[in-house]
Amino acid sequence: MIRETTKASCAVLTLEDVLKAREARASLQQEWLLGFGQSVISTTLVWPGEVKDTPLARQVMAEAKEALNQLLQKHRWEVSRHEIRFQPTGPEAFWSISAPAWMIKHVTAHLEDNHPLGRLWDIDVFCPKSGLIKRSAIHQPMRRCFICDEPAHVCSRMRRHSLNELAQVIEDLTYDYFSRQR
């Protein structure tokens with residue numbers, strides 16, 4: 001358990017709040033890409049609903065941070081800068097890495113697909129020259145829905161599943177994971 005989990009805002013958000021946070025995150029990503037001239041990892045959570053900064057969300061982000069740090073160490077990729085932010089719109093973590101973005105995207109996509117909590121992590125990788133590296137650029141399949149295994153973006157756009165269904169799946173997934181960690 002991380003200490004930050006007790007300070008979560010648990011604020012109810014508006015669409016405007018989420019859009020402003022997305023703009024601020026994109027601005028920071030560009031600032032780091034230009035300032036360091038290196039690949040950038042930007043991690044947020046897949047966290048449906050109006051409340052995104054919760055103790056559980058912070059705990060899930062702490063696991064993402066730990067898994068990514070271990071991955072970067074394993075590959076011996078130098079981290080020039082790392083920052084984690086706890087916003088009312090949810091936790092965000094950033095790394096500036098001296099390694100090719102496509103390589104980073106390969107290993108982070110594998111992490112998203114294979115870590116027990118990976119489905120809750122949205123790990124974006126940016127190249128200073130070509131911007132966002134998509135899964136299709138490295139021949140990786142699209143992410144799947146939590147519930148029905150259809151493409152996640154289709155279910156999200158169509159609001160195919162209720163917030164209660166999604167919340168229950170997230171609760172079950174995180175409970176199973178953290179109860180095994182004790």
# chains A, B, ... in the order shown; residues from 1 in each chain; ligands from 1

call {"tool": "residues_around", "arguments": {"residues": "stretch 152-167 of chain A", "least_positions_apart": "3", "cutoff": "7 Å", "atoms": "only C-alpha atoms", "output": "list in words"}}
result
Pro48, Gly49, Arg143, Arg144, Cys145, Ile170 and Glu171 of chain A

call {"tool": "residues_around", "arguments": {"residues": "A:Leu56", "least_positions_apart": "2", "cutoff": "10 Å", "atoms": "only C-alpha atoms", "output": "number ranges by chain"}}
result
A: 1, 5-6, 8, 52-54, 58-62, 170-171, 174-175

call {"tool": "closest_atom_pairs", "arguments": {"of": "stretch 73-161 of chain A", "to": "stretch 29-46 of chain A", "cutoff": "6 Å", "atoms": "only C-alpha atoms", "output": "CSV"}}
result
residue,atom,partner,partner_atom,distance
A:Glu92,CA,A:Thr44,CA,4.9
A:Ala93,CA,A:Thr43,CA,5.1
A:Phe94,CA,A:Ser42,CA,4.7
A:Trp95,CA,A:Ile41,CA,5.1
A:Ser96,CA,A:Val40,CA,4.6
A:Ile97,CA,A:Ser39,CA,5.3
A:Ser98,CA,A:Gln38,CA,5.6
A:Ala101,CA,A:Ser39,CA,5.3
A:Leu120,CA,A:Val46,CA,4.8
A:Trp121,CA,A:Leu45,CA,4.7
A:Asp122,CA,A:Thr44,CA,5.2
A:Ile123,CA,A:Thr43,CA,4.5
A:Asp124,CA,A:Ser42,CA,5.1
A:Val125,CA,A:Ile41,CA,4.6
A:Phe126,CA,A:Val40,CA,5.1
A:Cys127,CA,A:Ser39,CA,4.8
A:Pro128,CA,A:Leu33,CA,5.2

call {"tool": "write_last_selection", "arguments": {"atoms": "all heavy atoms", "output": "CSV table (one decimal), in the first residue's frame"}}
result
chain,number,residue,atom,x,y,z
A,92,GLU,N,-1.4,10.1,-12.8
A,92,GLU,CA,-0.7,10.1,-14.1
A,92,GLU,C,0.8,9.9,-13.7
A,92,GLU,O,1.3,10.5,-12.8
A,92,GLU,CB,-0.8,11.5,-14.8
A,92,GLU,CG,-2.2,11.9,-15.0
A,92,GLU,CD,-2.3,13.4,-15.5
A,92,GLU,OE1,-1.3,14.2,-15.4
A,92,GLU,OE2,-3.4,13.7,-16.0
A,93,ALA,N,1.5,9.2,-14.6
A,93,ALA,CA,2.9,9.0,-14.4
A,93,ALA,C,3.6,9.2,-15.8
A,93,ALA,O,3.1,8.8,-16.8
A,93,ALA,CB,3.2,7.6,-13.8
A,94,PHE,N,4.8,9.8,-15.7
A,94,PHE,CA,5.6,10.1,-16.9
A,94,PHE,C,7.1,9.7,-16.7
A,94,PHE,O,7.6,9.9,-15.6
A,94,PHE,CB,5.5,11.6,-17.2
A,94,PHE,CG,4.1,12.2,-17.2
A,94,PHE,CD1,3.5,12.7,-16.1
A,94,PHE,CD2,3.5,12.2,-18.4
A,94,PHE,CE1,2.2,13.2,-16.2
A,94,PHE,CE2,2.2,12.7,-18.5
A,94,PHE,CZ,1.6,13.2,-17.4
A,95,TRP,N,7.7,9.2,-17.8
A,95,TRP,CA,9.1,8.9,-17.8
A,95,TRP,C,9.6,9.5,-19.1
A,95,TRP,O,9.0,9.3,-20.2
A,95,TRP,CB,9.3,7.4,-17.8
A,95,TRP,CG,9.0,6.7,-16.6
A,95,TRP,CD1,9.9,6.2,-15.7
A,95,TRP,CD2,7.7,6.2,-16.1
A,95,TRP,NE1,9.3,5.5,-14.7
A,95,TRP,CE2,7.9,5.5,-14.9
A,95,TRP,CE3,6.4,6.3,-16.6
A,95,TRP,CZ2,6.9,4.9,-14.2
A,95,TRP,CZ3,5.4,5.7,-15.9
A,95,TRP,CH2,5.6,5.0,-14.7
A,96,SER,N,10.8,10.0,-19.1
A,96,SER,CA,11.6,10.4,-20.3
A,96,SER,C,12.7,9.4,-20.3
A,96,SER,O,13.5,9.2,-19.4
A,96,SER,CB,12.2,11.8,-20.1
A,96,SER,OG,12.9,12.1,-21.3
A,97,ILE,N,12.8,8.6,-21.5
A,97,ILE,CA,13.7,7.5,-21.6
A,97,ILE,C,14.6,7.6,-22.8
A,97,ILE,O,14.1,7.9,-23.9
A,97,ILE,CB,12.8,6.2,-21.8
A,97,ILE,CG1,11.7,6.1,-20.7
A,97,ILE,CG2,13.7,4.9,-21.8
A,97,ILE,CD1,12.2,5.9,-19.4
A,98,SER,N,15.9,7.2,-22.6
A,98,SER,CA,16.8,7.2,-23.8
A,98,SER,C,16.8,5.8,-24.4
A,98,SER,O,17.7,5.1,-24.2
A,98,SER,CB,18.2,7.7,-23.3
A,98,SER,OG,18.7,6.7,-22.4
A,101,ALA,N,11.5,4.6,-29.1
A,101,ALA,CA,10.1,4.6,-28.8
A,101,ALA,C,9.4,3.2,-29.2
A,101,ALA,O,8.6,2.7,-28.4
A,101,ALA,CB,9.3,5.8,-29.3
A,120,LEU,N,-5.9,-2.3,-16.7
A,120,LEU,CA,-6.3,-1.1,-16.1
A,120,LEU,C,-5.3,0.1,-16.4
A,120,LEU,O,-5.6,1.2,-16.0
A,120,LEU,CB,-6.4,-1.2,-14.5
A,120,LEU,CG,-7.4,-2.3,-14.1
A,120,LEU,CD1,-7.4,-2.4,-12.5
A,120,LEU,CD2,-8.8,-2.0,-14.6
A,121,TRP,N,-4.2,-0.3,-17.0
A,121,TRP,CA,-3.2,0.8,-17.3
A,121,TRP,C,-3.3,1.2,-18.8
A,121,TRP,O,-3.4,0.3,-19.7
A,121,TRP,CB,-1.8,0.2,-17.1
A,121,TRP,CG,-1.6,-0.3,-15.7
A,121,TRP,CD1,-2.3,0.0,-14.6
A,121,TRP,CD2,-0.7,-1.3,-15.3
A,121,TRP,NE1,-1.8,-0.7,-13.5
A,121,TRP,CE2,-0.8,-1.5,-13.9
A,121,TRP,CE3,0.3,-2.0,-16.0
A,121,TRP,CZ2,0.0,-2.4,-13.2
A,121,TRP,CZ3,1.1,-2.9,-15.3
A,121,TRP,CH2,0.9,-3.1,-13.9
A,122,ASP,N,-3.2,2.5,-19.0
A,122,ASP,CA,-3.1,3.0,-20.4
A,122,ASP,C,-1.7,3.6,-20.5
A,122,ASP,O,-1.5,4.7,-20.0
A,122,ASP,CB,-4.2,4.1,-20.6
A,122,ASP,CG,-4.2,4.6,-22.0
A,122,ASP,OD1,-3.6,3.9,-22.9
A,122,ASP,OD2,-4.9,5.6,-22.3
A,123,ILE,N,-0.8,2.8,-21.1
A,123,ILE,CA,0.6,3.2,-21.2
A,123,ILE,C,0.8,3.7,-22.7
A,123,ILE,O,0.8,2.9,-23.6
A,123,ILE,CB,1.5,2.1,-20.9
A,123,ILE,CG1,1.2,1.5,-19.5
A,123,ILE,CG2,3.0,2.5,-21.0
A,123,ILE,CD1,1.9,0.2,-19.2
A,124,ASP,N,0.9,5.0,-22.8
A,124,ASP,CA,1.2,5.6,-24.1
A,124,ASP,C,2.7,5.9,-24.2
A,124,ASP,O,3.4,6.2,-23.3
A,124,ASP,CB,0.5,6.9,-24.3
A,124,ASP,CG,-1.0,6.7,-24.5
A,124,ASP,OD1,-1.4,5.6,-25.0
A,124,ASP,OD2,-1.8,7.6,-24.1
A,125,VAL,N,3.2,5.7,-25.4
A,125,VAL,CA,4.6,5.9,-25.7
A,125,VAL,C,4.7,6.9,-26.9
A,125,VAL,O,4.1,6.7,-27.9
A,125,VAL,CB,5.4,4.6,-26.0
A,125,VAL,CG1,6.9,4.9,-26.4
A,125,VAL,CG2,5.3,3.6,-24.9
A,126,PHE,N,5.6,7.9,-26.7
A,126,PHE,CA,5.7,9.0,-27.7
A,126,PHE,C,7.2,9.0,-28.2
A,126,PHE,O,8.1,9.0,-27.3
A,126,PHE,CB,5.3,10.4,-27.1
A,126,PHE,CG,3.9,10.5,-26.7
A,126,PHE,CD1,3.5,10.1,-25.4
A,126,PHE,CD2,3.0,10.9,-27.6
A,126,PHE,CE1,2.2,10.1,-25.1
A,126,PHE,CE2,1.6,11.0,-27.2
A,126,PHE,CZ,1.2,10.6,-26.0
A,127,CYS,N,7.3,9.2,-29.5
A,127,CYS,CA,8.6,9.4,-30.1
A,127,CYS,C,8.8,10.9,-30.3
A,127,CYS,O,7.9,11.6,-30.8
A,127,CYS,CB,8.6,8.7,-31.4
A,127,CYS,SG,10.1,9.0,-32.4
A,128,PRO,N,10.0,11.4,-30.1
A,128,PRO,CA,10.2,12.9,-30.3
A,128,PRO,C,10.0,13.3,-31.7
A,128,PRO,O,9.7,14.4,-32.0
A,128,PRO,CB,11.6,13.1,-29.8
A,128,PRO,CG,12.3,11.8,-29.6
A,128,PRO,CD,11.2,10.8,-29.5

call {"tool": "atom_distance", "arguments": {"atom1": "atom CA of A:Trp102", "atom2": "atom CA of A:His115"}}
result
19.7 Å

call {"tool": "atom_distance", "arguments": {"atom1": "atom CA of A:Asn69", "atom2": "atom CA of A:Glu112"}}
result
13.9 Å

call {"tool": "select_by_dssp", "arguments": {"residues": "stretch 115-149 of chain A", "states": "helix (DSSP H, G or I)", "output": "VMD selection string"}}
result
chain A and resid 118 to 120 135 to 138

call {"tool": "select_by_dssp", "arguments": {"residues": "stretch 6-123 of chain A", "states": "strand (DSSP E)", "output": "compact mmCIF listing (two decimals) with N, CA and C atoms, in the first residue's frame"}}
result
# COMPACT_ATOMS: atom_id res chain seq x y z
N SER A 39 12.26 9.58 -25.95
CA SER A 39 10.95 8.93 -25.87
C SER A 39 10.31 9.27 -24.52
N VAL A 40 8.98 9.35 -24.53
CA VAL A 40 8.22 9.64 -23.31
C VAL A 40 7.18 8.55 -23.12
N ILE A 41 7.12 8.04 -21.89
CA ILE A 41 6.04 7.14 -21.48
C ILE A 41 5.08 7.96 -20.65
N SER A 42 3.80 7.89 -20.99
CA SER A 42 2.75 8.60 -20.26
C SER A 42 1.71 7.56 -19.86
N THR A 43 1.53 7.40 -18.55
CA THR A 43 0.64 6.35 -18.05
C THR A 43 -0.52 6.94 -17.26
N THR A 44 -1.71 6.51 -17.61
CA THR A 44 -2.92 6.85 -16.87
C THR A 44 -3.65 5.54 -16.61
N LEU A 45 -4.81 5.64 -15.99
CA LEU A 45 -5.59 4.44 -15.70
C LEU A 45 -6.84 4.39 -16.56
N VAL A 79 16.59 6.47 -17.44
CA VAL A 79 15.47 7.38 -17.18
C VAL A 79 16.06 8.76 -16.90
N SER A 80 15.74 9.72 -17.76
CA SER A 80 16.23 11.09 -17.57
C SER A 80 15.37 11.85 -16.57
N ARG A 81 14.08 11.53 -16.60
CA ARG A 81 13.17 12.20 -15.68
C ARG A 81 11.96 11.30 -15.46
N HIS A 82 11.45 11.34 -14.25
CA HIS A 82 10.24 10.60 -13.91
C HIS A 82 9.39 11.48 -12.99
N GLU A 83 8.10 11.44 -13.20
CA GLU A 83 7.19 12.23 -12.36
C GLU A 83 5.86 11.50 -12.26
N ILE A 84 5.28 11.52 -11.08
CA ILE A 84 3.93 10.98 -10.88
C ILE A 84 3.09 12.11 -10.31
N ARG A 85 1.88 12.22 -10.83
CA ARG A 85 0.96 13.28 -10.39
C ARG A 85 -0.35 12.64 -9.95
N PHE A 86 -0.87 13.16 -8.86
CA PHE A 86 -2.17 12.71 -8.38
C PHE A 86 -3.15 13.85 -8.58
N GLN A 87 -3.91 13.75 -9.65
CA GLN A 87 -4.87 14.79 -10.04
C GLN A 87 -6.28 14.33 -9.67
N GLY A 90 -7.46 11.67 -11.84
CA GLY A 90 -6.80 10.37 -11.75
C GLY A 90 -5.29 10.50 -11.76
N PRO A 91 -4.61 9.46 -11.29
CA PRO A 91 -3.15 9.47 -11.26
C PRO A 91 -2.57 9.44 -12.67
N GLU A 92 -1.42 10.09 -12.81
CA GLU A 92 -0.68 10.13 -14.07
C GLU A 92 0.80 9.94 -13.74
N ALA A 93 1.50 9.20 -14.60
CA ALA A 93 2.94 9.02 -14.41
C ALA A 93 3.64 9.21 -15.75
N PHE A 94 4.84 9.80 -15.69
CA PHE A 94 5.60 10.13 -16.89
C PHE A 94 7.05 9.72 -16.71
N TRP A 95 7.66 9.24 -17.79
CA TRP A 95 9.08 8.92 -17.82
C TRP A 95 9.64 9.46 -19.12
N SER A 96 10.83 10.03 -19.07
CA SER A 96 11.60 10.38 -20.26
C SER A 96 12.73 9.36 -20.34
N ILE A 97 12.81 8.64 -21.46
CA ILE A 97 13.67 7.47 -21.58
C ILE A 97 14.58 7.60 -22.80
N TRP A 121 -4.23 -0.25 -17.03
CA TRP A 121 -3.21 0.75 -17.33
C TRP A 121 -3.31 1.18 -18.78
N ASP A 122 -3.20 2.46 -19.01
CA ASP A 122 -3.13 3.00 -20.36
C ASP A 122 -1.74 3.60 -20.51
N ILE A 123 -0.85 2.83 -21.11
CA ILE A 123 0.55 3.23 -21.24
C ILE A 123 0.78 3.71 -22.68

call {"tool": "closest_residue", "arguments": {"among": "A:Asn114, A:Gln140, A:Gln168, A:Thr89", "to": "A:Cys10", "atoms": "only C-alpha atoms"}}
result
A:Thr89

call {"tool": "closest_residue", "arguments": {"among": "A:Leu117, A:Pro55, A:Ile147, A:Ala109", "to": "A:Ile133", "atoms": "only C-alpha atoms"}}
result
A:Ala109

call {"tool": "atom_distance", "arguments": {"atom1": "atom CA of A:Ser130", "atom2": "atom CA of A:Pro100"}}
result
11.4 Å

call {"tool": "closest_residue", "arguments": {"among": "A:Trp47, A:Thr108, A:Pro88, A:Leu68", "to": "A:Asp17", "atoms": "only C-alpha atoms"}}
result
A:Pro88

call {"tool": "closest_residue", "arguments": {"among": "A:Val51, A:Glu66, A:Pro116, A:Asp149", "to": "A:Phe178", "atoms": "only C-alpha atoms"}}
result
A:Pro116
